[in-house]
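Structure data follow from work-v9.cif (mmCIF, C-alpha atoms):
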data_entry
#
loop_
_atom_site.label_atom_id
_atom_site.label_comp_id
_atom_site.auth_asym_id
_atom_site.auth_seq_id
_atom_site.Cartn_x
_atom_site.Cartn_y
_atom_site.Cartn_z
CA MET A 13 21.50 222.78 256.77
CA ASN A 14 21.43 219.00 256.48
CA LYS A 15 17.65 219.08 256.75
CA VAL A 16 17.50 221.52 253.79
CA ILE A 17 19.80 219.27 251.72
CA ASN A 18 17.74 216.20 252.64
CA LYS A 19 14.52 217.97 251.65
CA LYS A 20 16.06 218.88 248.28
CA TYR A 21 17.31 215.32 247.89
CA ILE A 22 13.89 213.81 248.54
CA LYS A 23 12.28 216.41 246.27
CA SER A 24 14.51 215.47 243.37
CA LYS A 25 13.54 211.80 243.88
CA PHE A 26 9.92 212.87 243.64
CA TYR A 27 10.59 214.69 240.36
CA ILE A 28 12.35 211.64 238.92
CA LEU A 29 9.34 209.53 239.90
CA LEU A 30 7.04 212.11 238.34
CA SER A 31 8.98 212.06 235.06
CA MET A 32 8.31 208.31 234.87
CA ARG A 33 4.56 208.91 234.52
CA LYS A 34 4.92 209.14 230.73
CA TRP A 35 6.25 205.58 230.56
CA PRO A 36 3.71 203.27 228.86
CA ILE A 37 2.45 200.19 230.74
CA LYS A 38 4.15 197.86 228.25
CA TYR A 39 7.49 199.57 228.95
CA ILE A 40 7.02 199.34 232.74
CA ASP A 41 6.06 195.68 232.29
CA TRP A 42 9.30 195.08 230.39
CA ARG A 43 11.34 196.89 233.08
CA LEU A 44 9.79 194.67 235.77
CA THR A 45 10.45 191.55 233.67
CA THR A 46 14.05 192.68 233.38
CA ALA A 47 14.44 193.20 237.11
CA TYR A 48 12.56 190.14 238.36
CA PRO A 49 12.23 186.56 237.06
CA LYS A 50 8.42 186.72 237.04
CA GLY A 51 8.11 190.42 236.32
CA TRP A 52 5.09 192.25 237.75
CA LYS A 53 3.86 189.06 239.49
CA PHE A 54 7.04 189.04 241.58
CA ALA A 55 6.67 192.77 242.24
CA LEU A 56 3.08 192.33 243.47
CA LEU A 57 4.00 189.42 245.72
CA HIS A 58 7.05 191.17 247.17
CA PRO A 59 6.05 194.84 247.65
CA LEU A 60 8.80 195.49 250.21
CA ILE A 61 11.50 194.34 247.78
CA LEU A 62 9.88 196.48 245.07
CA ILE A 63 9.88 199.60 247.26
CA LYS A 64 13.47 198.98 248.41
CA ASP A 65 14.62 198.46 244.81
CA LEU A 66 12.70 201.52 243.61
CA TRP A 67 14.41 203.64 246.28
CA LYS A 68 17.82 202.27 245.23
CA TYR A 69 16.94 203.00 241.60
CA LEU A 70 15.96 206.61 242.40
CA GLU A 71 19.26 207.08 244.26
CA TRP A 72 21.08 205.68 241.23
CA CYS A 73 19.19 208.11 238.97
CA GLN A 74 20.34 211.01 241.14
CA MET A 75 23.91 209.72 240.94
CA ILE A 76 23.86 209.11 237.17
CA ASP A 77 22.28 212.54 236.58
CA LYS A 78 25.59 214.03 237.75
CA ASP A 79 27.33 212.10 234.93
CA ILE A 80 24.86 213.29 232.29
CA LYS A 81 26.09 216.56 230.82
CA MET B 4 24.36 214.92 207.25
CA LEU B 5 24.00 212.29 209.98
CA SER B 6 22.92 209.39 207.78
CA ILE B 7 25.18 206.41 207.33
CA LYS B 8 24.92 203.70 204.71
CA ILE B 9 25.97 200.17 205.53
CA LYS B 10 25.38 197.41 203.00
CA ASP B 11 22.56 199.31 201.20
CA ILE B 12 20.83 200.07 204.50
CA THR B 13 20.56 203.73 205.49
CA PHE B 14 20.80 204.60 209.18
CA ASN B 15 19.23 208.00 209.95
CA SER B 16 21.74 208.69 212.66
CA PRO B 17 24.81 207.10 214.28
CA ILE B 18 22.87 206.56 217.51
CA VAL B 19 21.80 203.00 218.27
CA ALA B 20 19.74 201.68 221.18
CA ALA B 21 21.76 198.83 222.70
CA SER B 22 20.36 195.35 223.12
CA GLY B 23 18.49 194.73 226.36
CA THR B 24 17.93 198.41 227.10
CA PHE B 25 14.95 199.17 224.82
CA GLY B 26 12.90 196.02 225.39
CA TYR B 27 12.09 194.26 222.15
CA GLY B 28 11.77 197.69 220.54
CA TYR B 29 8.05 198.44 220.28
CA GLU B 30 7.66 199.19 224.03
CA VAL B 31 9.29 202.61 223.64
CA LYS B 32 7.76 203.84 220.38
CA ASP B 33 5.36 206.21 222.18
CA ILE B 34 8.03 207.95 224.24
CA VAL B 35 10.99 208.05 221.84
CA ASN B 36 11.27 209.91 218.51
CA LEU B 37 12.54 206.94 216.55
CA ASN B 38 13.43 209.08 213.51
CA LYS B 39 16.33 210.43 215.53
CA ILE B 40 17.99 207.09 216.13
CA GLY B 41 19.72 204.89 213.58
CA CYS B 42 18.36 201.59 214.82
CA ILE B 43 17.13 199.55 217.75
CA ILE B 44 18.81 196.30 218.70
CA THR B 45 16.32 193.95 220.33
CA LYS B 46 16.79 192.05 223.52
CA SER B 47 18.88 188.90 222.89
CA ILE B 48 16.78 185.97 221.69
CA THR B 49 17.60 182.37 222.59
CA PHE B 50 16.03 179.19 221.20
CA GLU B 51 14.01 178.35 224.32
CA SER B 52 12.38 180.99 226.50
CA ARG B 53 14.40 181.96 229.59
CA GLU B 54 13.37 183.48 232.90
CA GLY B 55 16.93 184.56 233.53
CA ASN B 56 18.85 184.52 236.79
CA PRO B 57 17.12 184.67 240.20
CA GLN B 58 16.60 188.07 241.82
CA PRO B 59 18.62 190.22 242.65
CA ARG B 60 19.99 190.62 239.16
CA ILE B 61 20.56 194.36 238.89
CA HIS B 62 22.90 196.27 241.20
CA GLU B 63 23.29 200.01 240.90
CA SER B 64 26.92 201.05 241.40
CA SER B 65 28.91 204.28 241.25
CA SER B 66 28.77 205.69 237.72
CA GLY B 67 27.40 202.44 236.39
CA MET B 68 25.29 199.37 236.76
CA LEU B 69 26.02 195.69 237.32
CA ASN B 70 23.54 193.38 235.66
CA ALA B 71 23.13 189.64 235.66
CA ILE B 72 19.74 189.36 234.03
CA GLY B 73 20.80 186.15 232.36
CA LEU B 74 19.29 186.54 228.89
CA ALA B 75 15.67 186.55 230.05
CA ASN B 76 13.55 186.40 226.88
CA VAL B 77 10.47 184.78 225.35
CA GLY B 78 12.32 182.36 223.05
CA VAL B 79 12.55 182.49 219.27
CA ASN B 80 9.14 181.04 218.38
CA LYS B 81 7.17 183.41 220.61
CA PHE B 82 9.42 186.26 219.48
CA CYS B 83 8.53 185.58 215.83
CA SER B 84 4.80 185.20 216.48
CA ASP B 85 4.23 187.94 219.11
CA LYS B 86 7.05 190.48 218.97
CA LEU B 87 8.46 190.60 215.45
CA PRO B 88 5.23 191.77 213.71
CA LYS B 89 5.11 194.73 216.15
CA LEU B 90 8.59 195.78 215.05
CA ASP B 91 7.77 195.96 211.35
CA ASN B 92 6.07 199.37 211.61
CA LEU B 93 8.69 201.13 213.72
CA GLU B 94 10.12 204.29 212.16
CA THR B 95 13.68 203.08 212.45
CA ASN B 96 15.81 200.07 211.54
CA VAL B 97 15.60 196.98 213.71
CA ILE B 98 18.46 194.58 214.33
CA ILE B 99 17.77 191.33 216.15
CA SER B 100 20.18 190.18 218.83
CA ILE B 101 20.76 186.43 219.01
CA ALA B 102 22.41 184.49 221.85
CA GLY B 103 23.11 180.80 222.20
CA SER B 104 25.23 178.15 223.83
CA SER B 105 26.18 176.15 220.72
CA ILE B 106 26.67 176.82 217.01
CA GLU B 107 23.55 174.72 216.35
CA GLU B 108 21.46 176.95 218.62
CA TYR B 109 22.59 180.12 216.84
CA VAL B 110 21.89 178.46 213.47
CA ASN B 111 18.42 177.28 214.47
CA ILE B 112 17.42 180.69 215.84
CA LEU B 113 18.66 182.51 212.76
CA LYS B 114 16.90 180.10 210.40
CA ILE B 115 13.57 180.51 212.21
CA ILE B 116 13.82 184.32 212.17
CA GLU B 117 14.89 184.37 208.52
CA HIS B 118 11.78 182.35 207.60
CA SER B 119 9.52 184.77 209.46
CA ASN B 120 10.01 187.46 206.77
CA GLY B 121 10.37 190.35 209.20
CA LYS B 122 11.50 193.79 208.06
CA HIS B 123 14.57 193.76 210.30
CA VAL B 124 17.81 194.73 208.61
CA GLY B 125 20.28 192.52 210.40
CA TYR B 126 21.46 190.42 213.31
CA GLU B 127 23.75 191.15 216.22
CA ILE B 128 25.33 187.91 217.37
CA ASN B 129 25.91 188.04 221.11
CA ILE B 130 28.97 185.90 221.79
CA SER B 131 29.85 187.76 224.92
CA CYS B 132 27.20 187.58 227.64
CA PRO B 133 29.22 187.41 230.86
CA ASN B 134 26.46 186.56 233.31
CA VAL B 135 25.02 183.21 232.28
CA LYS B 136 26.81 179.89 232.53
CA LYS B 137 26.42 179.29 228.80
CA GLY B 138 25.96 182.75 227.37
CA GLY B 139 28.14 182.51 224.32
CA MET B 140 31.29 183.42 226.22
CA GLU B 141 33.00 180.23 225.02
CA PHE B 142 32.69 181.74 221.52
CA GLY B 143 33.70 185.21 222.59
CA ILE B 144 37.05 184.18 224.01
CA ASN B 145 38.12 181.88 221.18
CA SER B 146 39.16 183.20 217.74
CA GLU B 147 38.71 179.89 215.93
CA VAL B 148 35.20 179.28 217.27
CA THR B 149 34.26 182.91 216.56
CA ASN B 150 35.44 182.47 212.98
CA LYS B 151 33.57 179.19 212.54
CA LEU B 152 30.34 180.61 213.99
CA THR B 153 30.55 183.75 211.83
CA LYS B 154 31.19 181.72 208.65
CA THR B 155 28.27 179.41 209.44
CA LEU B 156 25.84 182.28 210.04
CA ARG B 157 27.14 184.28 207.07
CA ALA B 158 26.08 181.44 204.78
CA LEU B 159 22.52 181.67 206.11
CA THR B 160 21.72 185.37 205.65
CA ASP B 161 22.36 188.34 203.38
CA LYS B 162 21.26 190.77 206.07
CA ILE B 163 23.77 192.78 208.10
CA LEU B 164 25.73 190.43 210.36
CA ILE B 165 27.25 192.00 213.46
CA ILE B 166 29.42 190.16 215.98
CA LYS B 167 29.26 191.60 219.51
CA LEU B 168 32.56 191.16 221.30
CA SER B 169 33.43 190.70 224.93
CA PRO B 170 36.03 192.99 226.51
CA ASN B 171 36.91 190.20 228.95
CA VAL B 172 39.62 188.72 226.73
CA THR B 173 43.39 189.09 226.41
CA SER B 174 43.35 190.32 222.81
CA ILE B 175 40.05 191.67 221.51
CA GLU B 176 41.71 192.50 218.18
CA ASP B 177 42.25 188.79 217.44
CA ILE B 178 38.58 187.98 218.03
CA ALA B 179 37.59 190.96 215.83
CA LEU B 180 39.88 189.75 213.04
CA ALA B 181 38.38 186.26 213.31
CA ALA B 182 34.88 187.71 212.93
CA GLU B 183 35.96 189.85 209.98
CA SER B 184 37.55 186.94 208.13
CA GLY B 185 34.44 184.87 208.85
CA GLY B 186 32.36 187.37 206.89
CA ALA B 187 30.94 189.71 209.54
CA ASP B 188 29.71 193.08 208.23
CA MET B 189 30.31 194.91 211.50
CA ILE B 190 31.79 194.54 214.97
CA SER B 191 29.99 195.68 218.14
CA ALA B 192 32.48 196.65 220.82
CA VAL B 193 32.15 196.15 223.66
CA ASN B 194 29.78 194.17 225.85
CA THR B 195 29.89 194.66 229.62
CA PHE B 196 32.95 194.15 231.80
CA LEU B 197 32.86 191.32 234.33
CA GLY B 198 32.35 192.65 237.84
CA THR B 199 30.94 191.91 241.26
CA ALA B 200 29.74 193.70 244.39
CA ILE B 201 29.32 192.66 247.99
CA ASP B 202 27.48 194.08 251.01
CA TYR B 203 30.20 195.25 253.38
CA LYS B 204 28.01 194.59 256.45
CA THR B 205 26.67 191.13 255.70
CA GLY B 206 29.29 189.84 253.27
CA ARG B 207 26.48 188.84 250.91
CA PHE B 208 26.96 189.18 247.14
CA SER B 209 24.80 191.92 245.62
CA LEU B 210 23.85 189.70 242.66
CA SER B 211 22.40 186.20 242.92
CA SER B 212 24.90 184.98 240.33
CA LYS B 213 27.80 186.67 242.19
CA PHE B 214 29.19 188.12 238.95
CA GLY B 215 27.57 190.46 236.48
CA GLY B 216 28.36 192.80 233.62
CA LEU B 217 29.41 196.33 234.47
CA SER B 218 28.16 199.10 232.17
CA GLY B 219 27.72 202.87 232.39
CA PRO B 220 30.04 205.89 232.52
CA ALA B 221 32.56 203.96 234.65
CA ILE B 222 33.61 201.83 231.66
CA LYS B 223 33.83 204.52 228.96
CA PRO B 224 37.64 204.93 228.91
CA LEU B 225 38.06 201.12 228.88
CA ALA B 226 35.59 200.74 226.02
CA LEU B 227 37.21 203.56 224.02
CA ALA B 228 40.58 201.79 224.30
CA LYS B 229 39.07 198.55 222.96
CA VAL B 230 37.39 200.36 220.04
CA TYR B 231 40.67 202.07 219.13
CA LYS B 232 42.56 198.75 219.22
CA ILE B 233 39.98 197.09 216.97
CA TYR B 234 39.87 200.04 214.56
CA LYS B 235 43.62 199.78 214.04
CA LYS B 236 43.26 196.10 213.00
CA VAL B 237 40.02 195.57 211.08
CA ASN B 238 38.54 197.15 207.94
CA ILE B 239 34.85 196.57 208.65
CA PRO B 240 32.75 199.22 210.45
CA ILE B 241 32.61 199.21 214.26
CA ILE B 242 29.64 199.96 216.51
CA GLY B 243 31.26 201.41 219.60
CA MET B 244 29.61 201.39 223.01
CA GLY B 245 30.30 201.76 226.69
CA GLY B 246 29.18 204.47 229.09
CA VAL B 247 27.84 207.03 226.64
CA THR B 248 25.90 209.78 228.46
CA SER B 249 26.34 212.79 226.16
CA PHE B 250 26.71 213.77 222.51
CA GLU B 251 30.37 214.51 223.23
CA ASP B 252 30.82 210.86 224.21
CA VAL B 253 29.26 209.81 220.89
CA ILE B 254 31.74 212.01 218.99
CA GLU B 255 34.64 210.51 221.00
CA PHE B 256 33.63 207.00 219.97
CA ILE B 257 33.25 208.09 216.32
CA ARG B 258 36.62 209.83 216.27
CA LEU B 259 38.27 206.66 217.60
CA GLY B 260 36.81 204.56 214.78
CA SER B 261 33.14 203.81 215.47
CA THR B 262 30.74 204.23 212.58
CA LEU B 263 27.70 203.81 214.81
CA VAL B 264 27.48 204.22 218.59
CA GLN B 265 25.28 202.22 220.93
CA ILE B 266 23.71 203.68 224.03
CA GLY B 267 22.67 201.32 226.79
CA THR B 268 22.73 202.14 230.48
CA LEU B 269 21.50 205.69 229.88
CA ASN B 270 18.23 204.18 228.62
CA TYR B 271 17.66 202.76 232.11
CA ARG B 272 17.66 206.33 233.42
CA ASP B 273 15.19 207.54 230.78
CA PRO B 274 14.74 205.99 227.32
CA SER B 275 13.79 209.34 225.77
CA LEU B 276 17.21 210.91 226.58
CA ILE B 277 18.75 209.14 223.57
CA CYS B 278 16.89 211.49 221.16
CA ASN B 279 18.56 214.61 222.59
CA PHE B 280 21.87 213.67 221.00
CA TYR B 281 20.67 213.92 217.39
CA ASP B 282 20.31 217.71 217.23
CA LYS B 283 23.47 218.28 219.23
CA ILE B 284 25.56 216.07 216.93
CA LYS B 285 24.02 217.82 213.92
CA SER B 286 24.94 221.25 215.29
CA PHE B 287 28.45 220.02 216.05
CA ILE B 288 28.92 218.82 212.44
CA GLU B 289 27.48 222.07 211.04
CA GLU B 290 29.94 224.11 213.06
CA SER B 291 32.92 221.86 212.23
CA GLU B 292 35.02 221.48 209.08
CA PHE B 293 33.29 218.18 208.32
CA SER B 294 30.39 218.02 205.88
CA ASN B 295 28.90 214.81 207.27
CA ILE B 296 29.29 212.33 210.12
CA ASN B 297 31.08 209.76 207.95
CA GLU B 298 34.07 212.08 207.57
CA LEU B 299 34.54 212.09 211.33
CA VAL B 300 35.08 208.34 211.66
CA GLY B 301 38.64 207.62 212.78
CA LYS B 302 39.64 211.29 212.83
CA PHE B 303 42.08 211.29 215.75
CA ASN B 304 45.56 212.69 216.10
CA GLU B 305 48.23 210.08 216.78
#
For the structure just supplied, provide its representation as structure tokens.
Amino acid sequence: MNKVINKKYIKSKFYILLSMRKWPIKYIDWRLTTAYPKGWKFALLHPLILIKDLWKYLEWCQMIDKDIK
Amino acid sequence: MLSIKIKDITFNSPIVAASGTFGYGYEVKDIVNLNKIGCIITKSITFESREGNPQPRIHESSSGMLNAIGLANVGVNKFCSDKLPKLDNLETNVIISIAGSSIEEYVNILKIIEHSNGKHVGYEINISCPNVKKGGMEFGINSEVTNKLTKTLRALTDKILIIKLSPNVTSIEDIALAAESGGADMISAVNTFLGTAIDYKTGRFSLSSKFGGLSGPAIKPLALAKVYKIYKKVNIPIIGMGGVTSFEDVIEFIRLGSTLVQIGTLNYRDPSLICNFYDKIKSFIEESEFSNINELVGKFNE
């Protein structure tokens, strides 16, 4: 049962990620500048931090989606 | 039906993109139907460019978000040369957010932007940033300084002048009254609530600056209370904000006295979600006894 829930959970993260494909580069650039002092340069130099933060962000999206009616 | 007129400026809808959540404004024009929002408030501009606080400066929390970005921006000169021209062709109103650490800084920024002849319709004066050492908070907690700053800026522009208030004060009504008597056209209420988070295993703070501003659905009841308190005291229009995630939330803010409603944290989830509210609010008005959105402002039962 837990495995099924986990699969669903991961799948919904994938769909959130997929929905971000429409975001223009200039918007993604601004999001990275907001998150990190040197924006995309920081993200490129610290890929592990980027992946960890992206995972946290996707979890937050799943959580906030429950608040969105 | 949803249009609102403030100082000869028509806002297509009561929905406003909050400062710092829509970039400088032009970054989202390809993914958001701008005709469905009343205006965009730009990221706060300071005199010098700022990198902001060290990373980590965003912490996702239950039903909200803690941020301590620290007013990262390109500075007023680069804003006027690189960003402002890109905002002139947007299909919605643009309001420029200004932040500073002294009255002189606010004055200098406003003067430079005024001379740039942009098509923006007004300024939102951020006197309430909780997560930088000098983020205007010394203005936001003091009625006299708020009044002096508002009067000084009022003398420099005929455009819409909005004062954005901090909720982290004992009496927000007093600060609102000080802004009103200083000549503000509108009050934005409220900025984020001061908060912190810590890792329970390591004891390390989740934000590099220890404290940040809490936004999102978690603060909505707190923000509504502040808007109601201000509405009971001042006569100028209020832009309510705090944790809006649905059209019902927008209506709640309007009924408690907001003329316009800002949406912030939701834009971090998906900036295009903001457009969905327009049609829903329109349907709500059509099905209600009200003929337009203006009639709904302050319609609550005591």
- [ ] Step by step, work through what the PyMOL selection byres ((chain A and resi 74) around 12) selects in the shown file, and finish by giving those residues as a PyMOL selection string.
- [x] (chain A and resi 20-29+67-73+75-80) or (chain B and resi 63-66+272)
TODO: Between CA of Gly78 (chain B) and CA of Ser47 (chain B), measure the distance and give it in Å to one decimal.
DONE: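 That distance, rounded to one decimal, is 9.3 Å.
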Task: Picked residues, the PyMOL selection byres ((chain B) within 8 of (chain A)), as a list in words - done: Gly26, Glu30, Val31, Asp33, Ile34, Glu54, Gly55, Asn56, Pro57, Gln58, Pro59, Arg60, Ile61, Glu63, Ser64, Ser65, Ser66, Gly67, Ile72, Ala75, Pro220, Thr248, Ser249 and Arg272 of chain B
TODO: One decimal, Å: what's the distance from CA of Met68 (chain B) over to CA of Phe196 (chain B), could you say?
DONE: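 Going from CA of Met68 (chain B) over to CA of Phe196 (chain B) covers 10.5 Å.
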Open item on the list: Evaluate the PyMOL selection byres ((chain B and resi 189-192) around 6) against this structure - the residues, as number ranges by chain, please.
Closed with: B: 165-168, 187-188, 193, 239-244
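In this model, the gap between CA of Thr268 (chain B) and CA of Thr24 (chain B) comes to 7.0 Å.
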- [ ] Just the residues within 7 Å of region 147-163 of chain B, please, counting all atoms listed in the file, with nothing from its chain fewer than 5 positions along; format it as a list in words.
- [x] Ile106, Val110, Val124, Gly125, Tyr126, Phe142, Ile178, Ala181, Ala182, Ser184, Gly185, Gly186, Ala187 and Asp188 of chain B
Task: For region 284-297 of chain B: contacts at 8 Å, only C-alpha atoms, fewer than 5 positions along chain excluded, given as a PyMOL selection string - done: chain B and resi 4-7+250+254+262
Hey, could you pull the box centre and edge lengths for region 7-13 of chain B, axis-aligned, 6 Å padding per side, all listed atoms, to one decimal in Å, as lines of an AutoDock Vina configuration file?
center_x = 23.3
center_y = 201.9
center_z = 204.3
size_x = 17.4
size_y = 21.0
size_z = 18.1
Task: Sphere at (29.4, 191.0, 238.4), radius 7 Å, counting only C-alpha atoms: residues as number ranges by chain - done: B: 69-71, 197-200, 213-217
Can those selected residues be exported to a file as a PDB file, in the coordinates of the input so that it contains C-alpha atoms?
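again-v3.pdb, written as the output of this step:
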ATOM      1  CA  LEU B  69      26.020 195.690 237.320  1.00  0.00           C
ATOM      2  CA  ASN B  70      23.540 193.380 235.660  1.00  0.00           C
ATOM      3  CA  ALA B  71      23.130 189.640 235.660  1.00  0.00           C
ATOM      4  CA  LEU B 197      32.860 191.320 234.330  1.00  0.00           C
ATOM      5  CA  GLY B 198      32.350 192.650 237.840  1.00  0.00           C
ATOM      6  CA  THR B 199      30.940 191.910 241.260  1.00  0.00           C
ATOM      7  CA  ALA B 200      29.740 193.700 244.390  1.00  0.00           C
ATOM      8  CA  LYS B 213      27.800 186.670 242.190  1.00  0.00           C
ATOM      9  CA  PHE B 214      29.190 188.120 238.950  1.00  0.00           C
ATOM     10  CA  GLY B 215      27.570 190.460 236.480  1.00  0.00           C
ATOM     11  CA  GLY B 216      28.360 192.800 233.620  1.00  0.00           C
ATOM     12  CA  LEU B 217      29.410 196.330 234.470  1.00  0.00           C
TER      13      LEU B 217
END
Task: Of the listed residues B:Phe25, B:Phe280, B:Tyr203, B:Phe303, that which approaches Ile40 (chain B) most closely, counting all atoms listed in the file - done: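 With all atoms listed in the file as the atom set, the closest residue is B:Phe280.
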Kindly reconstruct region 267-293 of chain B with N, CA and C atoms and present the result as a CSV table (one decimal), in the frame of the given file.
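Ended up saving to out.csv:
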chain,number,residue,atom,x,y,z
B,267,GLY,N,23.3,202.4,226.0
B,267,GLY,CA,22.7,201.3,226.8
B,267,GLY,C,22.2,201.8,228.1
B,268,THR,N,23.1,201.9,229.1
B,268,THR,CA,22.7,202.1,230.5
B,268,THR,C,21.9,203.4,230.6
B,269,LEU,N,22.2,204.4,229.8
B,269,LEU,CA,21.5,205.7,229.9
B,269,LEU,C,20.0,205.5,229.7
B,270,ASN,N,19.7,204.5,228.9
B,270,ASN,CA,18.2,204.2,228.6
B,270,ASN,C,17.5,203.7,229.9
B,271,TYR,N,18.3,203.2,230.8
B,271,TYR,CA,17.7,202.8,232.1
B,271,TYR,C,17.3,204.0,233.0
B,272,ARG,N,18.0,205.1,232.7
B,272,ARG,CA,17.7,206.3,233.4
B,272,ARG,C,16.4,206.9,232.8
B,273,ASP,N,16.4,207.0,231.5
B,273,ASP,CA,15.2,207.5,230.8
B,273,ASP,C,15.4,207.2,229.3
B,274,PRO,N,14.5,206.4,228.7
B,274,PRO,CA,14.7,206.0,227.3
B,274,PRO,C,14.6,207.1,226.3
B,275,SER,N,14.0,208.2,226.7
B,275,SER,CA,13.8,209.3,225.8
B,275,SER,C,15.0,210.2,225.7
B,276,LEU,N,16.0,210.1,226.6
B,276,LEU,CA,17.2,210.9,226.6
B,276,LEU,C,18.0,210.7,225.3
B,277,ILE,N,18.0,209.5,224.7
B,277,ILE,CA,18.8,209.1,223.6
B,277,ILE,C,18.5,210.1,222.4
B,278,CYS,N,17.3,210.6,222.3
B,278,CYS,CA,16.9,211.5,221.2
B,278,CYS,C,17.6,212.8,221.2
B,279,ASN,N,18.0,213.3,222.4
B,279,ASN,CA,18.6,214.6,222.6
B,279,ASN,C,19.9,214.7,221.8
B,280,PHE,N,20.5,213.6,221.6
B,280,PHE,CA,21.9,213.7,221.0
B,280,PHE,C,21.8,214.1,219.5
B,281,TYR,N,20.7,213.7,218.8
B,281,TYR,CA,20.7,213.9,217.4
B,281,TYR,C,20.9,215.4,217.0
B,282,ASP,N,20.2,216.3,217.6
B,282,ASP,CA,20.3,217.7,217.2
B,282,ASP,C,21.7,218.3,217.6
B,283,LYS,N,22.2,217.8,218.8
B,283,LYS,CA,23.5,218.3,219.2
B,283,LYS,C,24.6,217.8,218.3
B,284,ILE,N,24.5,216.6,217.9
B,284,ILE,CA,25.6,216.1,216.9
B,284,ILE,C,25.5,216.8,215.6
B,285,LYS,N,24.2,217.1,215.2
B,285,LYS,CA,24.0,217.8,213.9
B,285,LYS,C,24.6,219.2,214.0
B,286,SER,N,24.4,219.9,215.1
B,286,SER,CA,24.9,221.2,215.3
B,286,SER,C,26.5,221.2,215.3
B,287,PHE,N,27.0,220.2,216.0
B,287,PHE,CA,28.4,220.0,216.0
B,287,PHE,C,29.0,219.9,214.6
B,288,ILE,N,28.4,219.0,213.8
B,288,ILE,CA,28.9,218.8,212.4
B,288,ILE,C,28.8,220.1,211.6
B,289,GLU,N,27.7,220.8,211.8
B,289,GLU,CA,27.5,222.1,211.0
B,289,GLU,C,28.6,223.1,211.4
B,290,GLU,N,29.0,223.1,212.6
B,290,GLU,CA,29.9,224.1,213.1
B,290,GLU,C,31.4,223.6,212.8
B,291,SER,N,31.6,222.4,212.4
B,291,SER,CA,32.9,221.9,212.2
B,291,SER,C,33.3,221.9,210.8
B,292,GLU,N,34.5,221.5,210.5
B,292,GLU,CA,35.0,221.5,209.1
B,292,GLU,C,34.5,220.3,208.3
B,293,PHE,N,33.8,219.4,209.0
B,293,PHE,CA,33.3,218.2,208.3
B,293,PHE,C,31.9,218.4,207.7
